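Here's coords.txt, which has compact mmCIF, C-alpha atoms:
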```txt
# COMPACT_ATOMS: atom_id res chain seq x y z
CA MET A 1 166.34 75.59 174.93
CA ALA A 2 165.55 78.87 176.68
CA ASP A 3 164.73 82.07 174.86
CA ARG A 4 167.42 84.68 175.30
CA PRO A 5 166.24 88.22 175.99
CA THR A 6 166.81 90.54 173.08
CA GLU A 7 167.40 94.25 173.41
CA THR A 8 166.00 96.51 170.75
CA PRO A 9 166.76 100.19 170.30
CA ALA A 10 164.18 102.39 171.98
CA ASP A 11 164.15 104.90 169.13
CA PRO A 12 165.37 103.54 165.77
CA ASP A 13 165.38 107.00 164.14
CA GLN A 14 167.63 108.36 166.89
CA GLN A 15 169.90 105.30 166.66
CA LEU A 16 170.30 105.80 162.89
CA GLY A 17 170.96 109.52 163.38
CA ASN A 18 173.61 108.73 165.99
CA ALA A 19 175.29 106.23 163.66
CA ILE A 20 175.42 108.79 160.83
CA ARG A 21 176.78 111.49 163.16
CA ARG A 22 179.48 109.16 164.55
CA LEU A 23 180.67 108.17 161.08
CA ARG A 24 180.50 111.75 159.77
CA LYS A 25 182.68 112.95 162.65
CA LYS A 26 185.04 109.99 162.22
CA ARG A 27 185.47 111.04 158.57
CA GLY A 28 186.13 114.64 159.69
CA LEU A 29 183.13 116.06 157.79
CA THR A 30 180.82 118.89 158.75
CA LEU A 31 177.07 118.63 158.16
CA VAL A 32 177.42 121.09 155.27
CA GLN A 33 180.18 119.01 153.66
CA LEU A 34 178.21 115.78 153.99
CA ALA A 35 175.08 117.47 152.63
CA GLY A 36 177.02 118.69 149.58
CA SER A 37 178.57 115.27 148.93
CA ALA A 38 175.23 113.49 149.32
CA GLY A 39 173.22 116.05 147.34
CA LEU A 40 170.88 116.64 150.27
CA SER A 41 170.01 119.71 152.30
CA HIS A 42 171.90 120.68 155.45
CA PRO A 43 168.64 121.11 157.47
CA PHE A 44 167.46 117.62 156.43
CA LEU A 45 170.74 116.05 157.60
CA SER A 46 170.58 117.98 160.86
CA GLN A 47 167.06 116.65 161.52
CA LEU A 48 168.17 113.16 160.54
CA GLU A 49 171.11 113.17 162.95
CA ARG A 50 168.79 114.31 165.75
CA GLY A 51 166.34 111.48 165.02
CA LEU A 52 163.57 113.85 163.93
CA THR A 53 163.13 112.35 160.46
CA ARG A 54 163.77 109.09 158.63
CA PRO A 55 165.51 109.00 155.23
CA SER A 56 164.16 107.29 152.14
CA MET A 57 166.27 104.42 150.80
CA PRO A 58 167.66 106.63 147.98
CA SER A 59 168.63 109.36 150.50
CA LEU A 60 170.21 106.82 152.83
CA HIS A 61 172.13 105.38 149.86
CA ARG A 62 173.52 108.83 148.96
CA ILE A 63 174.50 109.46 152.60
CA ALA A 64 176.19 106.06 152.83
CA GLN A 65 178.13 106.64 149.60
CA ALA A 66 179.27 110.06 150.81
CA LEU A 67 180.49 108.43 154.03
CA GLY A 68 182.22 105.56 152.19
CA THR A 69 179.92 102.83 153.45
CA THR A 70 176.60 101.14 152.58
CA GLN A 71 173.01 101.71 153.68
CA GLN A 72 172.92 98.26 155.25
CA ALA A 73 176.10 98.96 157.23
CA LEU A 74 174.65 102.25 158.51
CA LEU A 75 171.47 100.49 159.54
CA ALA A 76 173.35 97.66 161.20
CA HIS A 77 175.53 100.11 163.14
CA SER A 78 172.45 102.05 164.20
CA ALA A 79 171.27 99.06 166.21
CA THR A 80 173.20 98.34 169.38
CA PHE A 81 172.92 94.68 170.30
CA PRO A 82 175.63 93.45 172.69
CA ALA A 83 174.85 89.73 172.47
CA ASP A 84 176.66 87.29 170.19
CA ILE A 85 173.29 85.90 169.13
CA HIS A 86 170.85 88.28 167.53
CA VAL A 87 167.10 87.59 167.49
CA VAL A 88 164.64 89.85 165.70
CA ARG A 89 160.99 89.27 166.53
CA GLU A 90 158.09 89.91 164.19
CA GLY A 91 157.34 93.63 164.01
CA THR A 92 160.79 94.61 165.30
CA GLY A 93 164.10 95.37 163.62
CA THR A 94 165.45 98.72 162.50
CA PRO A 95 162.80 100.30 160.23
CA VAL A 96 163.81 101.86 156.94
CA ALA A 97 161.72 103.93 154.54
CA ASN A 98 160.97 101.97 151.38
CA SER A 99 159.25 103.65 148.45
CA GLY A 100 155.88 101.97 148.07
CA GLY A 101 156.19 99.97 151.27
CA SER A 102 158.37 99.36 154.31
CA ALA A 103 161.64 97.68 155.11
CA ARG A 104 163.40 96.54 158.25
CA MET A 105 167.01 95.72 158.95
CA LEU A 106 167.28 92.29 160.54
CA GLY A 107 171.02 92.25 161.23
CA ALA A 108 173.52 93.53 163.76
CA PRO A 109 176.93 95.15 163.22
CA GLN A 110 179.00 92.29 164.63
CA PHE A 111 177.94 89.94 161.81
CA ALA A 112 179.35 89.72 158.28
CA VAL A 113 175.93 89.80 156.60
CA HIS A 114 173.24 92.47 156.50
CA PRO A 115 169.73 91.04 155.89
CA VAL A 116 166.86 93.40 155.03
CA GLU A 117 163.20 92.46 154.62
CA TYR A 118 161.11 94.53 152.18
CA THR A 119 157.31 94.59 152.22
CA GLY A 120 155.86 96.36 149.20
CA GLY A 121 157.93 98.40 146.84
CA PRO A 122 158.07 100.91 144.02
CA THR A 123 156.07 100.36 140.85
CA ASP A 124 158.59 102.36 138.78
CA PHE A 125 162.35 102.06 138.69
CA GLU A 126 164.11 104.57 140.94
CA GLU A 127 167.82 105.42 141.00
CA TYR A 128 170.46 102.67 140.92
CA TYR A 129 172.17 101.48 144.10
CA ASP A 130 175.61 99.96 144.36
CA HIS A 131 177.76 98.84 147.28
CA PRO A 132 180.93 96.82 147.76
CA GLY A 133 179.26 93.71 149.24
CA ASP A 134 177.82 90.88 147.16
CA GLU A 135 174.02 90.68 147.45
CA PHE A 136 171.50 87.85 147.48
CA LEU A 137 167.84 88.66 146.75
CA TYR A 138 164.98 86.21 147.38
CA VAL A 139 161.32 86.83 146.52
CA THR A 140 159.20 85.33 149.29
CA HIS A 141 155.91 86.53 147.75
CA GLY A 142 154.87 88.37 144.59
CA ALA A 143 156.80 89.31 141.46
CA ILE A 144 159.43 91.96 140.74
CA GLU A 145 161.75 93.06 137.98
CA VAL A 146 165.41 93.66 138.82
CA ASP A 147 167.55 95.93 136.63
CA LEU A 148 171.31 95.27 136.81
CA LEU A 149 174.09 97.17 135.06
CA GLY A 150 176.56 94.33 134.56
CA PRO A 151 179.83 94.15 132.60
CA GLY A 152 177.85 93.19 129.48
CA GLY A 153 175.37 96.05 129.83
CA ARG A 154 171.86 96.29 131.22
CA GLU A 155 170.17 93.06 132.32
CA LEU A 156 166.49 92.79 133.31
CA HIS A 157 165.43 89.82 135.45
CA ARG A 158 161.80 89.00 136.25
CA LEU A 159 161.55 87.15 139.55
CA HIS A 160 158.50 85.47 141.06
CA THR A 161 157.76 83.80 144.40
CA GLY A 162 160.58 81.40 145.19
CA ASP A 163 163.05 82.95 142.71
CA SER A 164 166.38 84.35 143.79
CA LEU A 165 169.21 86.40 142.31
CA LEU A 166 172.83 86.80 143.38
CA TYR A 167 175.10 89.52 142.03
CA PRO A 168 178.57 90.79 142.88
CA GLY A 169 179.32 93.89 144.89
CA GLY A 170 179.73 97.04 142.83
CA THR A 171 176.88 96.09 140.47
CA PRO A 172 174.46 99.02 140.06
CA HIS A 173 170.97 97.63 140.69
CA ARG A 174 167.36 98.62 141.27
CA TRP A 175 164.01 96.86 141.32
CA ARG A 176 160.31 97.46 140.90
CA VAL A 177 157.07 95.58 141.47
CA LEU A 178 155.66 94.09 138.26
CA GLU A 179 152.65 95.96 136.87
CA ASP A 180 150.19 93.08 137.43
CA GLN A 181 151.05 92.84 141.16
CA ASP A 182 149.56 94.50 144.22
CA PRO A 183 152.65 96.36 145.52
CA SER A 184 151.66 95.79 149.16
CA GLY A 185 151.66 92.01 148.60
CA VAL A 186 155.30 91.81 147.51
CA HIS A 187 157.83 90.51 150.06
CA ILE A 188 161.56 90.32 149.44
CA LEU A 189 164.56 89.34 151.53
CA THR A 190 167.99 90.69 150.62
CA VAL A 191 171.23 89.65 152.26
CA GLN A 192 174.40 91.66 151.62
CA ASN A 193 177.80 90.59 152.82
CA ALA A 194 179.69 93.23 154.74
CA PRO A 195 183.26 93.64 153.53
CA ARG A 196 185.57 93.89 156.52
```

Once you've parsed the file, please lay out its structure as structure tokens.
Amino acid sequence: MADRPTETPADPDQQLGNAIRRLRKKRGLTLVQLAGSAGLSHPFLSQLERGLTRPSMPSLHRIAQALGTTQQALLAHSATFPADIHVVREGTGTPVANSGGSARMLGAPQFAVHPVEYTGGPTDFEEYYDHPGDEFLYVTHGAIEVDLLGPGGRELHRLHTGDSLLYPGGTPHRWRVLEDQDPSGVHILTVQNAPR
């Protein structure tokens, strides 16, 4: 079986900025309006759309919510892969800022799932995220604590290497590295379905 060539975006920051600009214009919003809805500064969004900066995951989440989409969908649409088969090699993928580590989008917009790999992570809980798609989380190495706001209230789940968690779309969630772990040694894979 022959390897198929895979195209990767030359500048992931510019690709993400272009995706945000396209969706903002499609929604009929100005930069100032989007900034106000997302609670971010107009100059920051301008730099982001021009590919001069990269947003943190919380900032990208606020932008996605203001645009009526998800962070994973924005990241997937920022990568332009024409093939029906999508291969991501080690060290490639669309990079995303991740508090306490790094993350990379492994998907492509034509697919119904958005996988993201996280290396490292925050040691304290940050703001909650929510999105319409169901999400699967798998700990490939290390230990984390996941905080979910479910119908019955707040639920804390401690997950270790080999553990997984699945929760429905719309569930506010956040996670942190457990205190006895080296944050850089934690590796997580999340897969979110993309509502169509």

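Interatomic distance, atom CA of Thr119 of chain A to atom CA of Leu165 of chain A: 17.5 Å.
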
ask   = Taking (176.7, 104.4, 155.2) in the file's coordinates as the center, which residues reach within 12 Å of it, counting all atoms listed in the file, put as a PyMOL selection string?
value = chain A and resi 16-17+19-24+27+34+38+57-78+130-132+194

message = Using all atoms listed in the file and a cutoff of 7 Å, can you tell me which residues are near (166.1, 110.3, 169.8) in the file's coordinates, and write them out as a VMD selection string?
response = chain A and resid 11 13 to 14 50 to 51

query = Taking all atoms listed in the file into account, which of A:Arg158, A:His141, A:His86, A:Lys26 comes nearest Gly120 of chain A?
reply =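 Selected residue with least distance to Gly120 of chain A: A:His141.
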
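Summary of the local environment: counting only C-alpha atoms, residues at most 7 Å from Asn193 of chain A, other than itself and those fewer than 3 positions away along its chain, are Ala112, Val113, His114, Gly133, Asp134 and Glu135 of chain A.
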
Reconstructed N, CA and C atoms for segment 41-66 of chain A, given as an mmCIF file, keeping the file's coordinate frame:
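Ended up saving to result_0.cif:
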```cif
data_model
loop_
_atom_site.group_PDB
_atom_site.id
_atom_site.type_symbol
_atom_site.label_atom_id
_atom_site.label_comp_id
_atom_site.auth_asym_id
_atom_site.auth_seq_id
_atom_site.Cartn_x
_atom_site.Cartn_y
_atom_site.Cartn_z
ATOM 1 N N SER A 41 169.953 118.420 151.615
ATOM 2 C CA SER A 41 170.010 119.710 152.300
ATOM 3 C C SER A 41 170.620 119.567 153.698
ATOM 4 N N HIS A 42 171.297 120.618 154.119
ATOM 5 C CA HIS A 42 171.900 120.680 155.450
ATOM 6 C C HIS A 42 170.817 120.541 156.540
ATOM 7 N N PRO A 43 169.673 121.267 156.442
ATOM 8 C CA PRO A 43 168.640 121.110 157.470
ATOM 9 C C PRO A 43 168.093 119.677 157.568
ATOM 10 N N PHE A 44 167.944 119.003 156.414
ATOM 11 C CA PHE A 44 167.460 117.620 156.430
ATOM 12 C C PHE A 44 168.443 116.734 157.203
ATOM 13 N N LEU A 45 169.739 116.865 156.913
ATOM 14 C CA LEU A 45 170.740 116.050 157.600
ATOM 15 C C LEU A 45 170.780 116.352 159.096
ATOM 16 N N SER A 46 170.607 117.615 159.455
ATOM 17 C CA SER A 46 170.580 117.980 160.860
ATOM 18 C C SER A 46 169.411 117.299 161.571
ATOM 19 N N GLN A 47 168.233 117.330 160.949
ATOM 20 C CA GLN A 47 167.060 116.650 161.520
ATOM 21 C C GLN A 47 167.285 115.146 161.601
ATOM 22 N N LEU A 48 167.902 114.593 160.572
ATOM 23 C CA LEU A 48 168.170 113.160 160.540
ATOM 24 C C LEU A 48 169.099 112.755 161.682
ATOM 25 N N GLU A 49 170.171 113.499 161.882
ATOM 26 C CA GLU A 49 171.110 113.170 162.950
ATOM 27 C C GLU A 49 170.481 113.307 164.337
ATOM 28 N N ARG A 50 169.471 114.148 164.466
ATOM 29 C CA ARG A 50 168.790 114.310 165.750
ATOM 30 C C ARG A 50 167.627 113.341 165.922
ATOM 31 N N GLY A 51 167.406 112.474 164.921
ATOM 32 C CA GLY A 51 166.340 111.480 165.020
ATOM 33 C C GLY A 51 164.954 112.039 164.797
ATOM 34 N N LEU A 52 164.860 113.206 164.143
ATOM 35 C CA LEU A 52 163.570 113.850 163.930
ATOM 36 C C LEU A 52 162.924 113.469 162.604
ATOM 37 N N THR A 53 163.675 112.781 161.747
ATOM 38 C CA THR A 53 163.130 112.350 160.460
ATOM 39 C C THR A 53 163.809 111.043 160.084
ATOM 40 N N ARG A 54 163.226 110.355 159.127
ATOM 41 C CA ARG A 54 163.770 109.090 158.630
ATOM 42 C C ARG A 54 164.036 109.256 157.140
ATOM 43 N N PRO A 55 165.205 108.825 156.653
ATOM 44 C CA PRO A 55 165.510 109.000 155.230
ATOM 45 C C PRO A 55 164.837 107.947 154.372
ATOM 46 N N SER A 56 164.601 108.290 153.110
ATOM 47 C CA SER A 56 164.160 107.290 152.140
ATOM 48 C C SER A 56 165.369 106.414 151.818
ATOM 49 N N MET A 57 165.145 105.277 151.186
ATOM 50 C CA MET A 57 166.270 104.420 150.800
ATOM 51 C C MET A 57 167.221 105.151 149.848
ATOM 52 N N PRO A 58 166.718 105.903 148.833
ATOM 53 C CA PRO A 58 167.660 106.630 147.980
ATOM 54 C C PRO A 58 168.493 107.666 148.757
ATOM 55 N N SER A 59 167.880 108.377 149.702
ATOM 56 C CA SER A 59 168.630 109.360 150.500
ATOM 57 C C SER A 59 169.664 108.667 151.370
ATOM 58 N N LEU A 60 169.272 107.556 151.989
ATOM 59 C CA LEU A 60 170.210 106.820 152.830
ATOM 60 C C LEU A 60 171.372 106.286 151.988
ATOM 61 N N HIS A 61 171.084 105.863 150.778
ATOM 62 C CA HIS A 61 172.130 105.380 149.860
ATOM 63 C C HIS A 61 173.127 106.503 149.561
ATOM 64 N N ARG A 62 172.617 107.705 149.261
ATOM 65 C CA ARG A 62 173.520 108.830 148.960
ATOM 66 C C ARG A 62 174.369 109.205 150.183
ATOM 67 N N ILE A 63 173.759 109.177 151.368
ATOM 68 C CA ILE A 63 174.500 109.460 152.600
ATOM 69 C C ILE A 63 175.592 108.410 152.805
ATOM 70 N N ALA A 64 175.221 107.148 152.646
ATOM 71 C CA ALA A 64 176.190 106.060 152.830
ATOM 72 C C ALA A 64 177.351 106.191 151.852
ATOM 73 N N GLN A 65 177.054 106.475 150.586
ATOM 74 C CA GLN A 65 178.130 106.640 149.600
ATOM 75 C C GLN A 65 179.038 107.793 149.977
ATOM 76 N N ALA A 66 178.459 108.901 150.426
ATOM 77 C CA ALA A 66 179.270 110.060 150.810
ATOM 78 C C ALA A 66 180.149 109.760 152.017
#
```
